[in-house]
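To keep things clear, I will list the structure first and then write my remarks on it.
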Number of protein chains: 2
Amino acid sequence: MELELVRWLSENLPPHPLLRIGIGDDAAVLHWPTNGDLVVTTDAVTDEVDFILAETDPRLVGHKALGVNLSDLAAMAAEPVAAVVSLVLPRKGCGGRDGKQLAIELYRGMLPLAEQFNVAIAGGDTNSWDGPLAISITALGRATVHGPLTRSGARPGDYVLVTGALGGSILGRHLRVEPRVREGLLLNERYELSAGMDISDGLALDASRLAAASDCGVALRLDQIPISADAVKLSACDRATPLEHALGDGEDFELLLTAAPEVAEQIVREQPLGVPVTFIGECVTHAGLWQMGAERRLTPLDASGYRH
Amino acid sequence: MELELVRWLSENLPPHPLLRIGIGDDAAVLHWPTNGDLVVTTDAVTDEVDFILAETDPRLVGHKALGVNLSDLAAMAAEPVAAVVSLVLPRKGCGGRDGKQLAIELYRGMLPLAEQFNVAIAGGDTNSWDGPLAISITALGRATVHGPLTRSGARPGDYVLVTGALGGSILGRHLRVEPRVREGLLLNERYELSAGMDISDGLALDASRLAAASDCGVALRLDQIPISADAVKLSACDRATPLEHALGDGEDFELLLTAAPEVAEQIVREQPLGVPVTFIGECVTHAGLWQMGAERRLTPLDASGYRH
């Protein structure tokens, strides 16, 4: 099976200027452009946790598997270069597809995204077993001259920004991940950001993580948080408010950013991205996650975001 | 759980001179030394296929998961630099260990091997699910000035060499992988090799793959193949001969190499490694896998090695 898949891949994976040796040898060889730190991330998605294979087009699953990795590169403001794909396939296949057909559909979902961001699919490993589908991807990128964007650089007084609108990704956006690669690169190039990460486990939880990594607190202005139409739609079906969805739902894959007030104000004024950038709070000296109310009063905010 | 594991990792992963940002951010950042192509490989090992978790010390499983990846770097004669680890853990744990304890034991198995080969454990992803254990590792290395060693450079007339002794790895060696990293680097530096790969699916099958990648054939001298004590031991318990085990058993993780006759003879004469290097055959013009008998007569040899 792996042999046939390797044949399909060698016919269908596009060439890439940096890829010297691709699929088919013991490892891939990439020409690594000098003057750029290597940024590497790995993320796995698994059946019944990150998607339900029996109910989902496997191309969407492949798209998501690569998308969540590119989102991590976006969060570091790194330029994607390559990815390697490790598939653990159910031996029995799924939905009338055997393992090989399933693998091809997964790759078919990855290829357009790889092309969009100029990512070389450099190699892969394909295994079959009696367990469910698991896909682990490792993405390689390089930091630009503006350096990688980390979680740990926020300082009390910095403003907190977010791209896009939050909540309700379970209605479909969690599969159709649009990694904010260009947005992360553009903002990091044009403005002096102090910290950043992608929101994968919910705004509240991830904001508390950024705060912890930066040794400060984050105070959110709850009335400023951009709420997605999906969050509104979802709240009509359950007991959570749209705001609770925006705070707690996972897999938005938007960027959470901090910058000095004047920089943040400039970004919000200039709106340099195709998606909105919104002011949602401030970094504060008191560790933890807070809600900032009238007269800047802080009350504790529960960090319980979505957990896998 | 992941939070506690990240804490354990940040206390137990040793620093590495090239690792600028390790575990704990959206991605790791490595300083990439210039003048060296990047070699990247990914390999997953899964429960009930590559190991039986219920019967195996998880440290051995962790060792194997990293070892098979380093063996792929060895096969490219690349110098290991870093690895990222993606764990998909059974939610219920195993053998009285919960998921976190299991993850720590897996890492405990990787760390000595990583230290031995100066590999930075640069990052990881940890997931839990209701399925069995799957570990996917991506290893990064760099080619030396002598270039990467590929499968495709063998030419008719080249001699075929192998390190170590083959067969019967199922008795334990398949877990205690000793990746031939130093051996691959030393041979590629000191001698002009034409092709190489690691033997993971059995000598016969892998030799036929090297032949196919090089557009030639490989003819093995069956009386020259180094047979491991494990292969002899195993043949006492089943109907296969020691030679059949040496030809067909998987997971030897030895190096299969080709070089021009005078180079190969020099290697065999000088025996520059701690493990023996043995002449086992020749590359021939006729595609496929052959057995070379008296008077250099070729008869077809079945390539059915071990398949996962």
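Order determines the names: the first chain of the structure tokens is A, the second B, and so forth; residues in each chain are numbered 1 upward, and ligands are numbered 1 upward as they are shown.
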
Residues of chain B were defined as contacting chain A if any atom lay at most 6 Å from it, counting only C-alpha atoms; please report them as a ChimeraX atom specification.
/B:26-32,34,37-41,43,72,125,131

Store the residues picked out above in a file with N, CA, C and O atoms, as a PDB file, in the first residue's frame.
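Heads up, here's the output in selection.pdb:
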```
ATOM      1  N   ASP B  26       4.453  28.360  20.716  1.00  0.00           N
ATOM      2  CA  ASP B  26       3.689  27.730  19.634  1.00  0.00           C
ATOM      3  C   ASP B  26       4.560  26.840  18.773  1.00  0.00           C
ATOM      4  O   ASP B  26       4.072  25.926  18.116  1.00  0.00           O
ATOM      5  N   ALA B  27       5.834  27.124  18.735  1.00  0.00           N
ATOM      6  CA  ALA B  27       6.767  26.334  17.939  1.00  0.00           C
ATOM      7  C   ALA B  27       8.151  26.515  18.558  1.00  0.00           C
ATOM      8  O   ALA B  27       8.366  27.418  19.359  1.00  0.00           O
ATOM      9  N   ALA B  28       9.060  25.645  18.191  1.00  0.00           N
ATOM     10  CA  ALA B  28      10.435  25.771  18.665  1.00  0.00           C
ATOM     11  C   ALA B  28      11.243  26.561  17.638  1.00  0.00           C
ATOM     12  O   ALA B  28      10.899  26.603  16.459  1.00  0.00           O
ATOM     13  N   VAL B  29      12.286  27.196  18.096  1.00  0.00           N
ATOM     14  CA  VAL B  29      13.169  27.933  17.193  1.00  0.00           C
ATOM     15  C   VAL B  29      14.584  27.402  17.372  1.00  0.00           C
ATOM     16  O   VAL B  29      15.101  27.331  18.483  1.00  0.00           O
ATOM     17  N   LEU B  30      15.165  26.993  16.260  1.00  0.00           N
ATOM     18  CA  LEU B  30      16.531  26.464  16.244  1.00  0.00           C
ATOM     19  C   LEU B  30      17.409  27.396  15.429  1.00  0.00           C
ATOM     20  O   LEU B  30      16.999  27.866  14.369  1.00  0.00           O
ATOM     21  N   HIS B  31      18.583  27.626  15.903  1.00  0.00           N
ATOM     22  CA  HIS B  31      19.552  28.288  15.043  1.00  0.00           C
ATOM     23  C   HIS B  31      20.028  27.268  14.034  1.00  0.00           C
ATOM     24  O   HIS B  31      20.511  26.200  14.415  1.00  0.00           O
ATOM     25  N   TRP B  32      19.840  27.555  12.753  1.00  0.00           N
ATOM     26  CA  TRP B  32      20.255  26.562  11.768  1.00  0.00           C
ATOM     27  C   TRP B  32      21.630  26.907  11.224  1.00  0.00           C
ATOM     28  O   TRP B  32      21.829  27.948  10.622  1.00  0.00           O
ATOM     29  N   THR B  34      24.587  27.407   8.993  1.00  0.00           N
ATOM     30  CA  THR B  34      24.614  27.614   7.546  1.00  0.00           C
ATOM     31  C   THR B  34      25.451  26.522   6.870  1.00  0.00           C
ATOM     32  O   THR B  34      26.072  25.701   7.535  1.00  0.00           O
ATOM     33  N   ASP B  37      22.676  21.349   4.030  1.00  0.00           N
ATOM     34  CA  ASP B  37      21.286  21.076   3.692  1.00  0.00           C
ATOM     35  C   ASP B  37      20.598  20.455   4.896  1.00  0.00           C
ATOM     36  O   ASP B  37      21.206  19.720   5.667  1.00  0.00           O
ATOM     37  N   LEU B  38      19.308  20.749   4.993  1.00  0.00           N
ATOM     38  CA  LEU B  38      18.504  20.198   6.081  1.00  0.00           C
ATOM     39  C   LEU B  38      17.935  18.856   5.637  1.00  0.00           C
ATOM     40  O   LEU B  38      17.342  18.750   4.563  1.00  0.00           O
ATOM     41  N   VAL B  39      18.115  17.855   6.470  1.00  0.00           N
ATOM     42  CA  VAL B  39      17.590  16.526   6.187  1.00  0.00           C
ATOM     43  C   VAL B  39      16.470  16.267   7.186  1.00  0.00           C
ATOM     44  O   VAL B  39      16.667  16.447   8.391  1.00  0.00           O
ATOM     45  N   VAL B  40      15.304  15.917   6.692  1.00  0.00           N
ATOM     46  CA  VAL B  40      14.150  15.775   7.589  1.00  0.00           C
ATOM     47  C   VAL B  40      13.451  14.452   7.320  1.00  0.00           C
ATOM     48  O   VAL B  40      13.255  14.050   6.170  1.00  0.00           O
ATOM     49  N   THR B  41      13.100  13.769   8.389  1.00  0.00           N
ATOM     50  CA  THR B  41      12.427  12.482   8.261  1.00  0.00           C
ATOM     51  C   THR B  41      11.374  12.352   9.340  1.00  0.00           C
ATOM     52  O   THR B  41      11.527  12.920  10.427  1.00  0.00           O
ATOM     53  N   ASP B  43       8.694   9.402  11.198  1.00  0.00           N
ATOM     54  CA  ASP B  43       8.390   7.987  11.321  1.00  0.00           C
ATOM     55  C   ASP B  43       7.516   7.791  12.553  1.00  0.00           C
ATOM     56  O   ASP B  43       7.831   8.317  13.620  1.00  0.00           O
ATOM     57  N   ASP B  72      17.015   6.673  10.084  1.00  0.00           N
ATOM     58  CA  ASP B  72      16.794   7.283   8.763  1.00  0.00           C
ATOM     59  C   ASP B  72      17.799   8.394   8.485  1.00  0.00           C
ATOM     60  O   ASP B  72      18.248   8.559   7.350  1.00  0.00           O
ATOM     61  N   ASP B 125       3.945  17.594  20.855  1.00  0.00           N
ATOM     62  CA  ASP B 125       2.509  17.777  20.918  1.00  0.00           C
ATOM     63  C   ASP B 125       1.984  16.536  21.615  1.00  0.00           C
ATOM     64  O   ASP B 125       2.439  15.428  21.357  1.00  0.00           O
ATOM     65  N   GLY B 131      -8.178   5.694  21.500  1.00  0.00           N
ATOM     66  CA  GLY B 131      -7.440   4.699  20.721  1.00  0.00           C
ATOM     67  C   GLY B 131      -6.154   4.300  21.427  1.00  0.00           C
ATOM     68  O   GLY B 131      -5.841   4.769  22.524  1.00  0.00           O
TER      69      GLY B 131
END
```

So that I can see what lies close to A:Glu192, please list as a PyMOL selection string the residues with an atom at most 7 Å from it, counting only C-alpha atoms and leaving out residues fewer than 4 positions away in the same chain.
chain A and resi 188+259+263

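The space separating atom CA of A:Val81 from atom CA of A:Phe117 comes to 8.3 Å.
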
Atom CA of B:Pro17 to atom CA of B:Arg176: how many Å, to one decimal?
27.4 Å

Which polymer residues have any atom within 9 Å of an atom of B:His174, counting only C-alpha atoms, with same-chain residues fewer than 6 positions away left out, as a VMD selection string?
chain B and resid 50 to 51 64 168 250 to 253

Generate a file of the selected residues that holds all heavy atoms, formatted as a PDB file, in the first residue's frame.
```
ATOM      1  N   ASP B  50       4.339  -2.001  16.068  1.00  0.00           N
ATOM      2  CA  ASP B  50       5.788  -1.855  16.238  1.00  0.00           C
ATOM      3  C   ASP B  50       6.257  -2.251  17.640  1.00  0.00           C
ATOM      4  O   ASP B  50       7.454  -2.356  17.883  1.00  0.00           O
ATOM      5  CB  ASP B  50       6.183  -0.406  15.957  1.00  0.00           C
ATOM      6  CG  ASP B  50       5.794   0.002  14.551  1.00  0.00           C
ATOM      7  OD1 ASP B  50       6.457  -0.459  13.615  1.00  0.00           O
ATOM      8  OD2 ASP B  50       4.808   0.740  14.385  1.00  0.00           O
ATOM      9  N   PHE B  51       5.305  -2.395  18.526  1.00  0.00           N
ATOM     10  CA  PHE B  51       5.599  -2.830  19.898  1.00  0.00           C
ATOM     11  C   PHE B  51       4.271  -3.283  20.500  1.00  0.00           C
ATOM     12  O   PHE B  51       3.207  -2.997  19.925  1.00  0.00           O
ATOM     13  CB  PHE B  51       6.196  -1.682  20.731  1.00  0.00           C
ATOM     14  CG  PHE B  51       5.347  -0.445  20.713  1.00  0.00           C
ATOM     15  CD1 PHE B  51       4.291  -0.289  21.594  1.00  0.00           C
ATOM     16  CD2 PHE B  51       5.573   0.568  19.782  1.00  0.00           C
ATOM     17  CE1 PHE B  51       3.477   0.842  21.558  1.00  0.00           C
ATOM     18  CE2 PHE B  51       4.768   1.701  19.735  1.00  0.00           C
ATOM     19  CZ  PHE B  51       3.720   1.836  20.626  1.00  0.00           C
ATOM     20  N   LYS B  64      12.753   3.306  20.920  1.00  0.00           N
ATOM     21  CA  LYS B  64      12.562   2.849  19.539  1.00  0.00           C
ATOM     22  C   LYS B  64      12.016   3.966  18.653  1.00  0.00           C
ATOM     23  O   LYS B  64      12.464   4.144  17.515  1.00  0.00           O
ATOM     24  CB  LYS B  64      11.614   1.647  19.493  1.00  0.00           C
ATOM     25  CG  LYS B  64      11.344   1.177  18.064  1.00  0.00           C
ATOM     26  CD  LYS B  64      10.552  -0.115  17.997  1.00  0.00           C
ATOM     27  CE  LYS B  64      10.461  -0.579  16.540  1.00  0.00           C
ATOM     28  NZ  LYS B  64       9.849  -1.908  16.404  1.00  0.00           N
ATOM     29  N   GLY B 168      16.154 -11.818  13.039  1.00  0.00           N
ATOM     30  CA  GLY B 168      15.773 -12.140  14.410  1.00  0.00           C
ATOM     31  C   GLY B 168      15.654 -10.957  15.347  1.00  0.00           C
ATOM     32  O   GLY B 168      15.649 -11.132  16.568  1.00  0.00           O
ATOM     33  N   GLY B 250      12.373  -7.985   9.519  1.00  0.00           N
ATOM     34  CA  GLY B 250      12.481  -6.525   9.472  1.00  0.00           C
ATOM     35  C   GLY B 250      13.224  -5.978  10.673  1.00  0.00           C
ATOM     36  O   GLY B 250      13.639  -6.714  11.578  1.00  0.00           O
ATOM     37  N   GLU B 251      13.406  -4.683  10.625  1.00  0.00           N
ATOM     38  CA  GLU B 251      13.876  -3.914  11.769  1.00  0.00           C
ATOM     39  C   GLU B 251      15.280  -4.270  12.251  1.00  0.00           C
ATOM     40  O   GLU B 251      15.547  -4.284  13.443  1.00  0.00           O
ATOM     41  CB  GLU B 251      12.869  -4.035  12.917  1.00  0.00           C
ATOM     42  CG  GLU B 251      11.454  -3.708  12.424  1.00  0.00           C
ATOM     43  CD  GLU B 251      10.547  -3.239  13.515  1.00  0.00           C
ATOM     44  OE1 GLU B 251      10.188  -4.054  14.385  1.00  0.00           O
ATOM     45  OE2 GLU B 251      10.217  -2.042  13.505  1.00  0.00           O
ATOM     46  N   ASP B 252      16.155  -4.569  11.299  1.00  0.00           N
ATOM     47  CA  ASP B 252      17.563  -4.717  11.686  1.00  0.00           C
ATOM     48  C   ASP B 252      18.182  -3.357  11.988  1.00  0.00           C
ATOM     49  O   ASP B 252      19.064  -3.240  12.830  1.00  0.00           O
ATOM     50  CB  ASP B 252      18.354  -5.371  10.544  1.00  0.00           C
ATOM     51  CG  ASP B 252      18.048  -6.848  10.408  1.00  0.00           C
ATOM     52  OD1 ASP B 252      18.095  -7.538  11.443  1.00  0.00           O
ATOM     53  OD2 ASP B 252      17.770  -7.294   9.286  1.00  0.00           O
ATOM     54  N   PHE B 253      17.746  -2.347  11.237  1.00  0.00           N
ATOM     55  CA  PHE B 253      18.299  -0.997  11.346  1.00  0.00           C
ATOM     56  C   PHE B 253      19.821  -0.973  11.175  1.00  0.00           C
ATOM     57  O   PHE B 253      20.536  -0.216  11.819  1.00  0.00           O
ATOM     58  CB  PHE B 253      17.856  -0.309  12.648  1.00  0.00           C
ATOM     59  CG  PHE B 253      16.364  -0.230  12.746  1.00  0.00           C
ATOM     60  CD1 PHE B 253      15.663  -0.971  13.686  1.00  0.00           C
ATOM     61  CD2 PHE B 253      15.655   0.559  11.855  1.00  0.00           C
ATOM     62  CE1 PHE B 253      14.278  -0.931  13.734  1.00  0.00           C
ATOM     63  CE2 PHE B 253      14.266   0.611  11.897  1.00  0.00           C
ATOM     64  CZ  PHE B 253      13.574  -0.133  12.845  1.00  0.00           C
TER      65      PHE B 253
END
```

Stretch 56-174 of chain A near stretch 285-301 of chain A within 9 Å: what's each residue's closest atom pair and its distance in Å to one decimal, counting only C-alpha atoms, ordered by chain then ascending residue number, as a tab-separated table?
```
residue	atom	partner	partner_atom	distance
A:Arg155	CA	A:Thr285	CA	8.0
A:Pro156	CA	A:Thr285	CA	5.2
A:Gly157	CA	A:Thr285	CA	8.1
```

Write out as a PyMOL selection string all residues of stretch 107-162 of chain B that DSSP puts in strand (DSSP E or B) for this structure's backbone.
chain B and resi 120-129+134-143+159-162

I'd like to know which residues of stretch 166-290 of chain B are helix (DSSP H, G or I) (by DSSP, run on the backbone); could you write them as number ranges by chain?
B: 169-171, 181-190, 203-213, 222-224, 229-235, 242-248, 261-270

Using only C-alpha atoms: which of B:Leu193, B:Val6, B:Leu70, B:Leu273 has the shortest distance to B:Gln116:
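Comparing B:Leu193, B:Val6, B:Leu70, B:Leu273 against B:Gln116, the winner is B:Leu70.
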
Which residues, written as a PyMOL selection string, have at least one atom at most 9 Å from A:Leu106, with only C-alpha atoms counted and residues fewer than 2 positions away on the same chain left out?
chain A and resi 57-63+65+101-104+108-111

Hey, which of B:Met1, B:Leu203, B:Pro112, B:Asp158 ends up closest to B:Leu89? Count only C-alpha atoms.
B:Met1

I want to know what sits within 9 Å of stretch 231-236 of chain A, based on only C-alpha atoms, with residues of the same chain fewer than 2 positions away left out; could you give that as a list in words?
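Near neighbours after the sequence-gap exclusion: Leu166, Gly167, Gly168, Ser169, Ile170, Leu171, Ile227, Ser228, Ala229, Asp238, Arg239, Ala240, Thr241, Pro242, Leu243, Glu244, His245, Ala246 and Asp249 of chain A.
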
Interatomic distance between atom CA of A:Gln271 and atom CA of A:Arg182?
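Straight-line distance from atom CA of A:Gln271 to atom CA of A:Arg182 works out to 13.9 Å.
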
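Residues in contact range of stretch 163-165 of chain A, defined as at most 8 Å between only C-alpha atoms, with sequence neighbours fewer than 5 positions away removed, read Ile225, Pro226, Ile227, Ser228, Ala246, Glu254, Leu255, Leu256, Val275, Pro276, Val277 and Thr278 of chain A.
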